[in-house]
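Written below as structure tokens is the structure these notes are about.
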Amino acid sequence: MKVNEENPLGSEKISRLLHDFALPSIIAMLVGALYNIVDQFFIGRSVGMYGNAATNVALPLTTVCTALGLLFGVGGASNFNLKLGAGKREEAAKYIGNAITLLVGSGVVLAVFVLVFLKPLMIAFGATDIVLKYALIFAGINCLGFPFLILGTGGSTLVRADGSPKYSMICMLTGAFINLILNPLFVFVMDWGIAGSASATVIGQVVSGIMVAGYLRKFKTLPLSKNDLLPNWERSRLISALGAASCFNQFAIMVVQITLNNTLTHYGADSIYGSEIPLACS
């Protein structure tokens, strides 16, 4: 991969950029939603409604990962393009480096936090006594992929900012395809059940994250050095400021998910269906 190539964001026509950048981004977002759909399908066919309910209980954690990925990815990409447009190339590289550090660091911190407080989190997210054991397995395995999921989500934004929207899309497509292939293998052939589905998801996220990391090592527009990765408070603040809108949107979705889960379990308990069926259908 060549470095110091001209970034099309600074020279290409707006109409062409809308086509070349918007379409791959939309496809990547739609493909990202397939992870949960694929998991729901195969878990439902193997474990049943309790497994489906467990994935809904664990879903807010994935939403948090998306929120952090957008916070540092969108913020880093925005500052990168602003500095690059102002002709401050060295400063632009440092924003990319800071964004990468924040993405990886937040993923590790979140994974550790979830592992330590996994059970109370699942209960707070609406897990019933029956669903809890499935949720602990699914979320416990899933959190191992959080650093890669956050890097893949936010890093894809940095890749697009470097003028490679198609590669960004390919990273997401590859992970989703791997998840689709491994899910039936792990769930049915190897008879791992809900743990197999979670493992397939994590492997897909790891591959996507590694592909993004491989690209970021050889940034096209300008070379990145190890010094660019050093965290800086002011740059981190500016990155967070520009990425906050996208992040807050995801956090709002997370609040809705948690509220919906708890509402369904609470009122479902008073119905003939019980708490688990409404939770599985949320």
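Just so we're on the same page: first chain in the structure tokens is A, next is B, and so on; residues restart at 1 for each chain, and ligands are numbered from 1 in the order they show up.
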
Using only C-alpha atoms, which residues sit within 6 Å of Ile150 of chain A once same-chain residues fewer than 2 positions away are excluded, as number ranges by chain? A: 65, 69, 107, 146-148, 152-154

Give the alpha helix (DSSP H) residues of segment 188-256 of chain A, as assigned by DSSP on the backbone, as a PyMOL selection string. chain A and resi 194-216+233-256

File dump, residues just selected, C-alpha atoms, as a CSV table (one decimal), in the first residue's frame:
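This is the output file result-v4.csv:
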chain,number,residue,atom,x,y,z
A,194,ILE,CA,-25.4,-20.4,22.5
A,195,ALA,CA,-21.6,-20.4,23.3
A,196,GLY,CA,-21.0,-21.4,19.7
A,197,SER,CA,-23.0,-18.5,18.3
A,198,ALA,CA,-21.2,-16.1,20.6
A,199,SER,CA,-17.8,-17.6,19.5
A,200,ALA,CA,-18.7,-17.2,15.9
A,201,THR,CA,-19.6,-13.5,16.5
A,202,VAL,CA,-16.3,-12.8,18.3
A,203,ILE,CA,-14.2,-14.5,15.6
A,204,GLY,CA,-15.9,-12.3,12.9
A,205,GLN,CA,-15.3,-9.2,15.0
A,206,VAL,CA,-11.7,-10.2,15.5
A,207,VAL,CA,-11.1,-10.6,11.8
A,208,SER,CA,-12.7,-7.3,11.0
A,209,GLY,CA,-10.7,-5.5,13.7
A,210,ILE,CA,-7.4,-7.1,12.5
A,211,MET,CA,-8.2,-6.0,8.9
A,212,VAL,CA,-8.8,-2.5,10.0
A,213,ALA,CA,-5.6,-2.5,12.2
A,214,GLY,CA,-3.6,-3.8,9.2
A,215,TYR,CA,-4.8,-0.9,7.1
A,216,LEU,CA,-4.1,1.7,9.8
A,233,TRP,CA,-5.6,15.2,26.6
A,234,GLU,CA,-6.4,18.2,24.3
A,235,ARG,CA,-6.6,16.0,21.2
A,236,SER,CA,-8.7,13.5,23.0
A,237,ARG,CA,-11.0,16.3,24.2
A,238,LEU,CA,-11.5,17.6,20.6
A,239,ILE,CA,-12.0,14.1,19.3
A,240,SER,CA,-14.7,13.4,21.9
A,241,ALA,CA,-16.3,16.7,21.2
A,242,LEU,CA,-16.8,16.0,17.5
A,243,GLY,CA,-17.8,12.4,18.0
A,244,ALA,CA,-20.2,13.1,20.9
A,245,ALA,CA,-23.4,13.5,18.7
A,246,SER,CA,-23.0,10.0,17.1
A,247,CYS,CA,-22.1,8.5,20.5
A,248,PHE,CA,-25.1,10.0,22.4
A,249,ASN,CA,-27.4,8.7,19.7
A,250,GLN,CA,-26.2,5.1,20.4
A,251,PHE,CA,-26.4,5.6,24.2
A,252,ALA,CA,-30.0,6.7,23.7
A,253,ILE,CA,-30.7,3.5,21.8
A,254,MET,CA,-29.1,1.6,24.6
A,255,VAL,CA,-31.4,3.2,27.2
A,256,VAL,CA,-34.4,2.3,25.1

Using only C-alpha atoms for the distances, tell me which of A:Leu264, A:Ile170, A:Ala58, A:Cys281 is nearest to Ser25 of chain A.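 Answer, going by the shortest atom-to-atom distance: A:Ile170.
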
Using only C-alpha atoms, the shortest atom-to-atom distance to Met122 of chain A among A:Leu182, A:Leu59, A:Leu173, A:Met49 belongs to A:Leu59

Between A:Thr128, A:Thr221, A:Thr174, A:Asn183, which residue has the minimum interatomic distance to Ser275 of chain A, considering only C-alpha atoms?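 With only C-alpha atoms as the atom set, the closest residue is A:Thr128.
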
Residues near Ala135 of chain A, cut-off 7 Å, only C-alpha atoms, skip fewer than 2 positions along chain, as a ChimeraX atom specification: /A:54-55,57-58,122,131-133,137-139

Calculated over only C-alpha atoms, which of the candidates A:Tyr273, A:Tyr167, A:Phe186, A:Phe177 has the smallest distance to Tyr35 of chain A?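 Residue with the minimum atom-to-atom distance to Tyr35 of chain A: A:Phe177.
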
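If you look at atom CA of Pro278 of chain A and atom CA of Val64 of chain A, they are 23.1 Å away from each other.
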